[in-house]
file run.tsv (TSV, C-alpha atoms)
chain	number	residue	atom	x	y	z
A	1	MET	CA	-17.91	-4.39	-19.83
A	2	ALA	CA	-14.16	-4.94	-20.11
A	3	ILE	CA	-12.67	-7.80	-18.10
A	4	ILE	CA	-9.10	-7.54	-16.84
A	5	LEU	CA	-6.90	-10.33	-15.54
A	6	GLY	CA	-4.80	-8.86	-12.72
A	7	ILE	CA	-1.55	-10.38	-11.46
A	8	GLU	CA	0.31	-9.33	-8.31
A	9	SER	CA	3.75	-10.57	-7.18
A	10	SER	CA	5.64	-7.57	-5.79
A	11	CYS	CA	6.41	-8.94	-2.33
A	12	ASP	CA	5.29	-12.05	-0.44
A	13	GLU	CA	1.81	-12.61	-1.85
A	14	SER	CA	1.04	-14.21	-5.18
A	15	ALA	CA	-2.40	-13.26	-6.48
A	16	ALA	CA	-4.60	-13.37	-9.55
A	17	ALA	CA	-8.00	-11.76	-10.11
A	18	LEU	CA	-10.63	-11.17	-12.78
A	19	ILE	CA	-12.05	-7.66	-12.51
A	20	GLY	CA	-14.85	-6.10	-14.53
A	21	SER	CA	-14.79	-2.45	-15.52
A	22	ASP	CA	-18.15	-2.17	-13.71
A	23	ARG	CA	-16.28	-2.91	-10.43
A	24	THR	CA	-17.34	-6.54	-10.33
A	25	VAL	CA	-14.78	-8.82	-8.70
A	26	LEU	CA	-15.39	-11.96	-10.74
A	27	ALA	CA	-12.67	-13.97	-9.04
A	28	HIS	CA	-9.76	-13.46	-6.69
A	29	ARG	CA	-7.14	-15.99	-5.63
A	30	LEU	CA	-4.25	-15.27	-3.26
A	31	ALA	CA	-1.45	-17.39	-1.83
A	32	GLY	CA	0.54	-16.00	1.08
A	33	GLN	CA	4.03	-16.99	2.12
A	34	GLU	CA	3.95	-16.36	5.87
A	35	ASP	CA	5.12	-19.85	6.81
A	36	ALA	CA	8.11	-19.63	4.48
A	37	HIS	CA	9.31	-16.27	5.83
A	38	ARG	CA	8.35	-16.56	9.52
A	39	PRO	CA	11.61	-18.27	10.59
A	40	TYR	CA	13.55	-15.26	9.30
A	41	GLY	CA	11.38	-12.57	10.87
A	42	GLY	CA	10.71	-10.91	7.53
A	43	VAL	CA	10.51	-11.38	3.79
A	44	VAL	CA	13.48	-13.09	2.10
A	45	PRO	CA	13.47	-11.91	-1.55
A	46	GLU	CA	14.83	-15.11	-3.09
A	47	ILE	CA	12.35	-17.30	-1.23
A	48	ALA	CA	9.54	-14.98	-2.29
A	49	ALA	CA	10.53	-15.09	-5.96
A	50	ARG	CA	10.72	-18.90	-5.99
A	51	ALA	CA	7.30	-19.13	-4.38
A	52	HIS	CA	5.82	-16.86	-7.06
A	53	VAL	CA	7.22	-19.16	-9.76
A	54	GLN	CA	5.50	-22.14	-8.15
A	55	THR	CA	2.13	-20.57	-7.35
A	56	LEU	CA	1.24	-17.95	-9.95
A	57	SER	CA	0.22	-20.22	-12.83
A	58	PRO	CA	-2.06	-22.42	-10.68
A	59	LEU	CA	-3.60	-19.27	-9.16
A	60	ILE	CA	-4.36	-17.82	-12.59
A	61	ASP	CA	-5.92	-21.10	-13.70
A	62	ALA	CA	-8.01	-21.21	-10.52
A	63	ALA	CA	-9.18	-17.61	-10.91
A	64	LEU	CA	-10.28	-18.23	-14.50
A	65	LYS	CA	-12.11	-21.37	-13.38
A	66	ASP	CA	-13.80	-19.47	-10.52
A	67	ALA	CA	-15.03	-16.86	-12.98
A	68	GLY	CA	-16.15	-19.51	-15.46
A	69	MET	CA	-13.99	-17.96	-18.14
A	70	THR	CA	-11.14	-18.72	-20.50
A	71	LEU	CA	-8.21	-16.48	-21.32
A	72	ASP	CA	-9.79	-15.72	-24.69
A	73	GLN	CA	-12.65	-13.96	-22.90
A	74	VAL	CA	-10.32	-11.57	-21.07
A	75	ASP	CA	-9.90	-8.12	-22.64
A	76	ALA	CA	-6.46	-7.28	-21.22
A	77	ILE	CA	-3.84	-8.57	-18.79
A	78	ALA	CA	-2.53	-6.28	-16.06
A	79	ALA	CA	0.46	-7.08	-13.86
A	80	THR	CA	2.52	-5.28	-11.27
A	81	ALA	CA	5.66	-4.00	-13.01
A	82	GLY	CA	7.11	-2.31	-9.90
A	83	PRO	CA	8.00	-1.09	-7.40
A	84	GLY	CA	8.80	-4.08	-5.25
A	85	LEU	CA	11.21	-6.96	-4.79
A	86	ILE	CA	12.57	-7.17	-8.30
A	87	GLY	CA	12.68	-10.97	-8.48
A	88	GLY	CA	9.01	-11.30	-7.66
A	89	VAL	CA	8.02	-8.39	-9.90
A	90	MET	CA	9.83	-10.03	-12.81
A	91	VAL	CA	8.05	-13.35	-12.25
A	92	GLY	CA	4.62	-11.73	-12.41
A	93	LEU	CA	5.40	-9.43	-15.30
A	94	VAL	CA	7.01	-12.17	-17.42
A	95	THR	CA	3.98	-14.39	-16.74
A	96	ALA	CA	1.67	-11.61	-17.90
A	97	LYS	CA	3.78	-11.00	-21.02
A	98	ALA	CA	3.68	-14.69	-21.95
A	99	LEU	CA	-0.09	-14.83	-21.54
A	100	ALA	CA	-0.59	-11.59	-23.47
A	101	MET	CA	1.57	-12.81	-26.33
A	102	ALA	CA	-0.01	-16.27	-26.44
A	103	ALA	CA	-3.59	-14.98	-26.33
A	104	GLY	CA	-3.05	-11.81	-28.38
A	105	LYS	CA	-4.24	-9.59	-25.52
A	106	PRO	CA	-3.06	-6.09	-24.54
A	107	LEU	CA	-0.58	-5.83	-21.66
A	108	ILE	CA	-0.96	-3.23	-18.93
A	109	ALA	CA	2.07	-2.67	-16.70
A	110	VAL	CA	0.72	-1.38	-13.39
A	111	ASN	CA	2.58	0.63	-10.80
A	112	HIS	CA	1.92	-1.23	-7.54
A	113	LEU	CA	1.46	2.10	-5.75
A	114	GLU	CA	-1.13	3.14	-8.30
A	115	GLY	CA	-2.93	-0.10	-7.55
A	116	HIS	CA	-3.16	0.99	-3.91
A	117	ALA	CA	-4.00	4.58	-4.87
A	118	LEU	CA	-6.95	3.58	-7.06
A	119	SER	CA	-8.20	0.65	-4.95
A	120	PRO	CA	-10.65	2.83	-2.99
A	121	ARG	CA	-12.41	3.57	-6.29
A	122	LEU	CA	-12.98	-0.15	-6.78
A	123	ALA	CA	-14.64	-0.33	-3.38
A	124	ASP	CA	-16.58	2.95	-3.62
A	125	ALA	CA	-18.12	3.91	-6.97
A	126	SER	CA	-18.95	7.38	-5.63
A	127	LEU	CA	-15.30	8.32	-5.03
A	128	GLU	CA	-14.37	10.98	-7.56
A	129	PHE	CA	-11.16	12.82	-8.35
A	130	PRO	CA	-9.51	14.78	-6.86
A	131	TYR	CA	-8.87	13.29	-3.44
A	132	LEU	CA	-6.17	13.49	-0.81
A	133	LEU	CA	-4.51	10.11	-0.33
A	134	LEU	CA	-2.51	8.76	2.58
A	135	LEU	CA	-0.63	5.79	1.14
A	136	VAL	CA	0.76	3.73	4.01
A	137	SER	CA	2.33	0.36	3.27
A	138	GLY	CA	5.27	-1.76	4.28
A	139	GLY	CA	7.70	0.16	2.09
A	140	HIS	CA	6.04	3.52	1.50
A	141	CYS	CA	4.47	6.32	3.50
A	142	GLN	CA	3.28	9.19	1.33
A	143	ILE	CA	0.62	11.85	1.07
A	144	LEU	CA	-0.52	12.47	-2.50
A	145	ARG	CA	-3.12	14.54	-4.22
A	146	VAL	CA	-4.81	12.27	-6.77
A	147	ASP	CA	-6.22	14.26	-9.68
A	148	GLY	CA	-6.83	11.32	-12.01
A	149	VAL	CA	-5.39	8.08	-13.32
A	150	GLY	CA	-1.66	8.68	-13.69
A	151	GLN	CA	-2.01	12.17	-12.20
A	152	TYR	CA	-0.36	12.28	-8.79
A	153	ARG	CA	1.27	15.09	-6.88
A	154	ARG	CA	3.36	13.94	-3.95
A	155	LEU	CA	3.03	16.26	-0.97
A	156	ALA	CA	5.01	14.27	1.59
A	157	THR	CA	7.05	11.10	1.88
A	158	THR	CA	9.18	9.40	4.51
A	159	ILE	CA	12.78	10.48	4.94
A	160	ASP	CA	13.72	7.08	6.41
A	161	ASP	CA	11.44	4.20	7.47
A	162	ALA	CA	7.87	3.83	6.28
A	163	ALA	CA	5.10	3.41	8.84
A	164	GLY	CA	4.72	-0.24	7.88
A	165	GLU	CA	8.43	-0.86	8.36
A	166	ALA	CA	8.21	0.71	11.81
A	167	PHE	CA	5.34	-1.62	12.72
A	168	ASP	CA	7.26	-4.67	11.49
A	169	LYS	CA	10.47	-3.68	13.28
A	170	THR	CA	8.58	-2.93	16.49
A	171	ALA	CA	7.00	-6.38	16.27
A	172	LYS	CA	10.44	-7.92	15.87
A	173	ILE	CA	11.82	-5.95	18.84
A	174	LEU	CA	8.88	-7.10	20.96
A	175	GLY	CA	9.32	-10.70	19.81
A	176	LEU	CA	5.87	-10.85	18.25
A	177	GLY	CA	6.92	-12.60	15.07
A	178	TYR	CA	5.90	-12.10	11.46
A	179	PRO	CA	3.78	-10.52	10.03
A	180	GLY	CA	4.30	-7.71	12.49
A	181	GLY	CA	1.67	-5.05	11.88
A	182	PRO	CA	-1.45	-7.02	12.88
A	183	ARG	CA	0.33	-8.44	15.93
A	184	VAL	CA	1.37	-5.02	17.20
A	185	GLU	CA	-2.19	-3.78	16.74
A	186	ALA	CA	-3.61	-6.75	18.63
A	187	LEU	CA	-1.18	-6.29	21.52
A	188	ALA	CA	-1.79	-2.54	21.60
A	189	ARG	CA	-5.46	-3.12	22.40
A	190	GLN	CA	-4.36	-4.49	25.78
A	191	GLY	CA	-2.05	-1.60	26.67
A	192	ASP	CA	-2.02	2.01	27.81
A	193	PRO	CA	-1.08	4.37	24.95
A	194	ARG	CA	0.16	6.97	27.47
A	195	ALA	CA	2.38	4.64	29.49
A	196	VAL	CA	5.62	4.96	27.52
A	197	PRO	CA	7.11	8.37	26.61
A	198	LEU	CA	7.92	7.83	22.93
A	199	PRO	CA	8.91	10.59	20.48
A	200	ARG	CA	6.80	11.95	17.63
A	201	PRO	CA	9.43	12.66	14.94
A	202	LEU	CA	8.85	15.89	12.96
A	203	LEU	CA	5.62	16.64	14.84
A	204	GLY	CA	4.86	20.31	14.25
A	205	SER	CA	7.79	20.70	11.85
A	206	THR	CA	7.58	23.03	8.86
A	207	GLU	CA	9.01	20.15	6.83
A	208	PRO	CA	6.08	18.22	5.29
A	209	HIS	CA	7.59	14.73	5.49
A	210	PHE	CA	7.47	11.69	7.79
A	211	SER	CA	10.17	10.05	9.88
A	212	PHE	CA	9.80	6.81	11.84
A	213	ALA	CA	13.38	5.57	12.33
A	214	GLY	CA	13.81	7.46	15.63
A	215	LEU	CA	10.52	6.10	16.93
A	216	LYS	CA	11.63	2.55	16.18
A	217	SER	CA	14.91	3.19	18.04
A	218	ALA	CA	13.00	4.59	21.02
A	219	VAL	CA	10.91	1.39	21.12
A	220	LEU	CA	14.13	-0.62	21.27
A	221	ARG	CA	15.40	1.46	24.20
A	222	ALA	CA	12.08	1.09	26.01
A	223	VAL	CA	12.23	-2.69	25.68
A	224	GLN	CA	15.88	-2.81	26.76
A	225	SER	CA	15.09	-0.72	29.86
A	226	GLY	CA	12.78	-3.43	31.22
A	227	ALA	CA	10.62	-0.69	32.73
A	228	TYR	CA	7.51	-1.16	30.61
A	229	LEU	CA	5.02	-3.86	29.76
A	230	PRO	CA	5.08	-5.07	26.13
A	231	GLU	CA	1.42	-4.18	25.64
A	232	ASP	CA	2.05	-0.63	26.88
A	233	ILE	CA	4.99	-0.26	24.49
A	234	ALA	CA	2.85	-1.48	21.59
A	235	ALA	CA	-0.01	0.85	22.49
A	236	SER	CA	2.30	3.84	22.96
A	237	PHE	CA	4.08	3.11	19.69
A	238	GLN	CA	0.80	2.89	17.78
A	239	ALA	CA	-0.40	6.16	19.35
A	240	ALA	CA	2.82	7.86	18.30
A	241	VAL	CA	2.39	6.70	14.70
A	242	VAL	CA	-1.20	7.95	14.67
A	243	ASP	CA	-0.11	11.36	16.01
A	244	CYS	CA	2.57	11.67	13.32
A	245	LEU	CA	0.18	10.72	10.52
A	246	ILE	CA	-2.50	13.16	11.65
A	247	ASP	CA	-0.02	16.02	12.13
A	248	ARG	CA	1.45	15.59	8.65
A	249	LEU	CA	-2.01	15.31	7.08
A	250	GLU	CA	-3.11	18.53	8.79
A	251	LYS	CA	-0.14	20.24	7.18
A	252	ALA	CA	-0.91	18.72	3.78
A	253	LEU	CA	-4.56	19.80	4.00
A	254	ALA	CA	-3.52	23.37	4.71
A	255	ALA	CA	-1.05	23.35	1.82
A	256	THR	CA	-3.49	21.94	-0.72
A	257	ASP	CA	-6.29	24.28	0.32
A	258	ASP	CA	-3.97	27.25	-0.19
A	259	THR	CA	-2.34	26.25	-3.48
A	260	MET	CA	-4.38	23.61	-5.33
A	261	GLY	CA	-7.94	23.92	-4.16
A	262	ARG	CA	-9.71	21.74	-1.68
A	263	ALA	CA	-9.95	17.97	-2.14
A	264	ARG	CA	-13.39	16.78	-1.13
A	265	THR	CA	-12.38	13.39	0.23
A	266	LEU	CA	-9.64	11.97	2.44
A	267	VAL	CA	-8.62	8.48	1.34
A	268	VAL	CA	-6.32	5.92	2.94
A	269	ALA	CA	-4.82	2.91	1.18
A	270	GLY	CA	-2.02	0.39	1.62
A	271	GLY	CA	-1.40	-2.40	4.10
A	272	VAL	CA	-1.22	-0.15	7.17
A	273	ALA	CA	-4.67	1.19	6.25
A	274	ALA	CA	-6.02	-2.03	7.77
A	275	ASN	CA	-5.06	-0.74	11.23
A	276	GLY	CA	-8.23	0.13	13.14
A	277	ALA	CA	-6.74	2.90	15.29
A	278	ILE	CA	-5.32	4.64	12.23
A	279	ARG	CA	-8.64	4.37	10.38
A	280	ALA	CA	-10.55	5.82	13.32
A	281	ALA	CA	-8.16	8.77	13.65
A	282	LEU	CA	-8.32	9.52	9.93
A	283	GLU	CA	-12.10	9.37	9.91
A	284	ALA	CA	-12.18	11.85	12.80
A	285	LEU	CA	-9.74	14.13	10.95
A	286	ALA	CA	-11.92	14.07	7.84
A	287	ALA	CA	-14.98	14.93	9.92
A	288	ARG	CA	-13.19	17.92	11.50
A	289	HIS	CA	-12.47	19.23	8.01
A	290	ALA	CA	-15.96	18.45	6.65
A	291	MET	CA	-14.48	15.98	4.18
A	292	GLY	CA	-15.65	12.58	3.07
A	293	PHE	CA	-13.59	9.61	4.18
A	294	VAL	CA	-12.99	6.45	2.17
A	295	ALA	CA	-11.00	3.38	3.18
A	296	PRO	CA	-11.05	0.12	1.22
A	297	PRO	CA	-12.26	-3.05	2.95
A	298	LEU	CA	-9.49	-4.78	4.86
A	299	TRP	CA	-8.87	-7.46	2.22
A	300	LEU	CA	-8.24	-4.76	-0.37
A	301	CYS	CA	-5.66	-2.92	1.78
A	302	THR	CA	-2.96	-5.57	1.72
A	303	ASP	CA	-1.26	-6.66	-1.51
A	304	ASN	CA	-3.80	-8.27	-3.82
A	305	ALA	CA	-4.53	-8.76	-7.50
A	306	ALA	CA	-7.95	-7.09	-7.44
A	307	MET	CA	-6.38	-3.66	-7.07
A	308	ILE	CA	-3.96	-4.43	-9.91
A	309	GLY	CA	-6.84	-5.59	-12.10
A	310	TRP	CA	-8.83	-2.46	-11.23
A	311	ALA	CA	-5.89	-0.14	-11.95
A	312	GLY	CA	-5.56	-2.02	-15.23
A	313	ALA	CA	-9.26	-1.45	-15.94
A	314	GLU	CA	-8.93	2.28	-15.24
A	315	ARG	CA	-5.91	2.54	-17.55
A	316	PHE	CA	-7.48	0.33	-20.23
A	317	ALA	CA	-10.53	2.60	-20.34
A	318	LEU	CA	-8.19	5.47	-21.20
A	319	GLY	CA	-6.44	3.47	-23.92
A	320	LEU	CA	-3.26	3.08	-21.85
A	321	THR	CA	-1.51	-0.19	-22.68
A	322	ASP	CA	2.15	-1.17	-22.77
A	323	PRO	CA	4.59	-2.92	-25.14
A	324	LEU	CA	5.76	-6.42	-24.38
A	325	ASP	CA	9.35	-5.23	-23.87
A	326	ILE	CA	8.49	-3.01	-20.92
A	327	ALA	CA	10.93	-3.60	-18.05
A	328	ALA	CA	10.25	-4.45	-14.42
A	329	ARG	CA	11.21	-1.66	-12.03
A	330	PRO	CA	12.35	-2.02	-8.40
A	331	ARG	CA	11.63	1.70	-7.87
A	332	TRP	CA	8.81	3.59	-9.55
A	333	PRO	CA	7.58	6.84	-7.98
A	334	LEU	CA	4.02	7.93	-8.64
A	335	ASP	CA	5.21	11.52	-8.97
A	336	PRO	CA	8.57	11.44	-10.77
A	337	ALA	CA	8.70	15.25	-10.75
A	338	ALA	CA	8.52	15.50	-6.97
A	339	GLU	CA	11.45	17.18	-5.31
A	340	ALA	CA	13.76	14.69	-3.61
A	341	ALA	CA	13.16	14.64	0.13
A	342	ARG	CA	16.01	14.94	2.59
A	343	GLY	CA	17.36	11.47	3.26
A	344	ALA	CA	14.79	9.66	1.13
A	345	GLY	CA	16.96	8.95	-1.89
A	346	VAL	CA	15.44	6.41	-4.28
A	347	LYS	CA	12.73	5.66	-1.74
A	348	ALA	CA	10.98	8.95	-2.59
call {"tool": "encode", "arguments": {"input": "run.tsv", "output": "structure tokens"}}
result
Amino acid sequence: MAIILGIESSCDESAAALIGSDRTVLAHRLAGQEDAHRPYGGVVPEIAARAHVQTLSPLIDAALKDAGMTLDQVDAIAATAGPGLIGGVMVGLVTAKALAMAAGKPLIAVNHLEGHALSPRLADASLEFPYLLLLVSGGHCQILRVDGVGQYRRLATTIDDAAGEAFDKTAKILGLGYPGGPRVEALARQGDPRAVPLPRPLLGSTEPHFSFAGLKSAVLRAVQSGAYLPEDIAASFQAAVVDCLIDRLEKALAATDDTMGRARTLVVAGGVAANGAIRAALEALAARHAMGFVAPPLWLCTDNAAMIGWAGAERFALGLTDPLDIAARPRWPLDPAAEAARGAGVKA
């Protein structure tokens, strides 16, 4: 069994984990930064980077201690090399490089999105390629066909805001504070999802992509009108997001069945995958199409080092390692060959 030290620092969580190639999570340590960013209503990149500098080394030491191991017993070191807030990414990657050089261990530079994309395989040993993946996080909203490690075909992306961004901005508009997604979901449970007439951008469109900027603006207008209860706005917003996700996935399923052959399993990953209403709707969609459905446990949806360690383990098993001069990347698409989406720019 290969043992991988995983390091994550792409946004506002510092994390370290020891992951076995047999899917054993030997240790996992995470330090959030919610208190530091809450006064600003969102993540401040410079504050995040400084926090990573302070917390990563103690977290790595603690994870090794939890696993009862030393660095010499680790087979490789995997770290997020992008995409993400470049200051934080650099802190984690430089830390991994220093450890790899000092201990004479291979370095594996992991695409953070690949960490999310492969995380369901850490949680479910029966999940096989290919599968259809909805990747929904704070900065990305994509549908991908996953044919193997490093083999991704992007079928849809957002042309403006990601679903996670829309949740966070809606939370800010409603005065719910940070982090926004879980607070919107909690408030939505108390509201009527049919109470507020919110738009469903691109619903039914021949274009395959997502758009959430107009929905966020409609939430702002609903709040400014004073005509609706906050819980009804939250519930109606969440229902609109669910409708958009399901509509775009229906289109992607039809496209893949026609051109690439049927994927047997629908998979969701990323921070927004922790949302219960979204999970329930996706599970129902999979059932309608006689597909399996896999979602990682909630702790594995948000940014964590276990998924980075597991992606490292998958790559290490294929002999995929990286030189010590590999650069951190603020943008790193899983499918570089994908056609640029209207309005998406580097976000695609």
call {"tool": "residues_around", "arguments": {"input": "run.tsv", "residues": "stretch 130-141 of chain A", "least_positions_apart": "5", "cutoff": "6 Å", "atoms": "all atoms listed in the file", "output": "PyMOL selection string"}}
result
chain A and resi 146-147+157-158+162+164-165+263+265-272
call {"tool": "write_last_selection", "arguments": {"input": "run.tsv", "atoms": "C-alpha atoms", "output": "CSV table (one decimal), in the frame of the given file"}}
result
chain,number,residue,atom,x,y,z
A,146,VAL,CA,-4.8,12.3,-6.8
A,147,ASP,CA,-6.2,14.3,-9.7
A,157,THR,CA,7.0,11.1,1.9
A,158,THR,CA,9.2,9.4,4.5
A,162,ALA,CA,7.9,3.8,6.3
A,164,GLY,CA,4.7,-0.2,7.9
A,165,GLU,CA,8.4,-0.9,8.4
A,263,ALA,CA,-10.0,18.0,-2.1
A,265,THR,CA,-12.4,13.4,0.2
A,266,LEU,CA,-9.6,12.0,2.4
A,267,VAL,CA,-8.6,8.5,1.3
A,268,VAL,CA,-6.3,5.9,2.9
A,269,ALA,CA,-4.8,2.9,1.2
A,270,GLY,CA,-2.0,0.4,1.6
A,271,GLY,CA,-1.4,-2.4,4.1
A,272,VAL,CA,-1.2,-0.2,7.2
call {"tool": "atom_distance", "arguments": {"input": "run.tsv", "atom1": "atom CA of A:Ala281", "atom2": "atom CA of A:Lys216"}}
result
20.9 Å
call {"tool": "atom_distance", "arguments": {"input": "run.tsv", "atom1": "atom CA of A:Ala213", "atom2": "atom CA of A:Leu174"}}
result
16.0 Å
call {"tool": "closest_residue", "arguments": {"input": "run.tsv", "among": "A:Ile77, A:Val53, A:Ala48, A:Ala290", "to": "A:Ala311", "atoms": "all atoms listed in the file"}}
result
A:Ile77
call {"tool": "closest_atom_pairs", "arguments": {"input": "run.tsv", "of": "stretch 40-122 of chain A", "to": "stretch 297-305 of chain A", "cutoff": "12 Å", "atoms": "only C-alpha atoms", "output": "Markdown table"}}
result
| residue | atom | partner | partner_atom | distance |
| --- | --- | --- | --- | --- |
| A:Leu56 | CA | A:Ala305 | CA | 11.1 |
| A:Leu59 | CA | A:Ala305 | CA | 10.7 |
| A:Ile60 | CA | A:Ala305 | CA | 10.4 |
| A:Ala63 | CA | A:Ala305 | CA | 10.6 |
| A:Ile77 | CA | A:Ala305 | CA | 11.3 |
| A:Ala78 | CA | A:Ala305 | CA | 9.1 |
| A:Ala79 | CA | A:Ala305 | CA | 8.3 |
| A:Thr80 | CA | A:Ala305 | CA | 8.7 |
| A:Gly84 | CA | A:Asp303 | CA | 11.0 |
| A:Gly92 | CA | A:Ala305 | CA | 10.8 |
| A:Val110 | CA | A:Ala305 | CA | 10.8 |
| A:His112 | CA | A:Asp303 | CA | 8.7 |
| A:Leu113 | CA | A:Asp303 | CA | 10.1 |
| A:Glu114 | CA | A:Asp303 | CA | 11.9 |
| A:Gly115 | CA | A:Ala305 | CA | 8.8 |
| A:His116 | CA | A:Cys301 | CA | 7.3 |
| A:Ala117 | CA | A:Cys301 | CA | 10.2 |
| A:Leu118 | CA | A:Leu300 | CA | 10.8 |
| A:Ser119 | CA | A:Leu300 | CA | 7.1 |
| A:Pro120 | CA | A:Leu300 | CA | 8.4 |
| A:Arg121 | CA | A:Leu300 | CA | 11.0 |
| A:Leu122 | CA | A:Leu300 | CA | 9.2 |
call {"tool": "residues_around", "arguments": {"input": "run.tsv", "residues": "A:His209", "least_positions_apart": "2", "cutoff": "7 Å", "atoms": "all atoms listed in the file", "output": "ChimeraX atom specification"}}
result
/A:156-159,207,211,248
call {"tool": "atom_distance", "arguments": {"input": "run.tsv", "atom1": "atom CA of A:Leu215", "atom2": "atom CA of A:Ile173"}}
result
12.3 Å
call {"tool": "closest_residue", "arguments": {"input": "run.tsv", "among": "A:Ile233, A:Ile4, A:Met291, A:Leu220", "to": "A:Ala76", "atoms": "all atoms listed in the file"}}
result
A:Ile4
call {"tool": "build_atoms", "arguments": {"input": "run.tsv", "residues": "stretch 85-97 of chain A", "atoms": "N, CA, C and O atoms", "output": "CSV table (one decimal), keeping the file's coordinate frame"}}
result
chain,number,residue,atom,x,y,z
A,85,LEU,N,10.1,-6.1,-4.7
A,85,LEU,CA,11.2,-7.0,-4.8
A,85,LEU,C,11.4,-7.4,-6.2
A,85,LEU,O,10.5,-8.1,-6.8
A,86,ILE,N,12.5,-7.1,-6.8
A,86,ILE,CA,12.6,-7.2,-8.3
A,86,ILE,C,12.4,-8.6,-8.8
A,86,ILE,O,11.8,-8.8,-9.9
A,87,GLY,N,12.8,-9.6,-8.0
A,87,GLY,CA,12.7,-11.0,-8.5
A,87,GLY,C,11.2,-11.3,-8.6
A,87,GLY,O,10.8,-11.9,-9.6
A,88,GLY,N,10.4,-11.0,-7.6
A,88,GLY,CA,9.0,-11.3,-7.7
A,88,GLY,C,8.3,-10.5,-8.7
A,88,GLY,O,7.4,-11.0,-9.4
A,89,VAL,N,8.6,-9.2,-8.9
A,89,VAL,CA,8.0,-8.4,-9.9
A,89,VAL,C,8.3,-9.0,-11.3
A,89,VAL,O,7.4,-9.1,-12.1
A,90,MET,N,9.5,-9.4,-11.5
A,90,MET,CA,9.8,-10.0,-12.8
A,90,MET,C,9.0,-11.3,-13.1
A,90,MET,O,8.6,-11.5,-14.2
A,91,VAL,N,8.8,-12.1,-12.1
A,91,VAL,CA,8.0,-13.4,-12.2
A,91,VAL,C,6.6,-13.0,-12.7
A,91,VAL,O,6.1,-13.6,-13.7
A,92,GLY,N,6.0,-12.1,-12.0
A,92,GLY,CA,4.6,-11.7,-12.4
A,92,GLY,C,4.5,-11.1,-13.8
A,92,GLY,O,3.6,-11.4,-14.6
A,93,LEU,N,5.5,-10.2,-14.0
A,93,LEU,CA,5.4,-9.4,-15.3
A,93,LEU,C,5.7,-10.3,-16.5
A,93,LEU,O,5.0,-10.3,-17.5
A,94,VAL,N,6.7,-11.2,-16.3
A,94,VAL,CA,7.0,-12.2,-17.4
A,94,VAL,C,5.8,-13.1,-17.7
A,94,VAL,O,5.5,-13.4,-18.8
A,95,THR,N,5.2,-13.5,-16.6
A,95,THR,CA,4.0,-14.4,-16.7
A,95,THR,C,2.9,-13.7,-17.5
A,95,THR,O,2.3,-14.2,-18.5
A,96,ALA,N,2.7,-12.4,-17.2
A,96,ALA,CA,1.7,-11.6,-17.9
A,96,ALA,C,2.1,-11.4,-19.4
A,96,ALA,O,1.2,-11.5,-20.3
A,97,LYS,N,3.3,-11.2,-19.6
A,97,LYS,CA,3.8,-11.0,-21.0
A,97,LYS,C,3.5,-12.3,-21.8
A,97,LYS,O,3.1,-12.2,-23.0
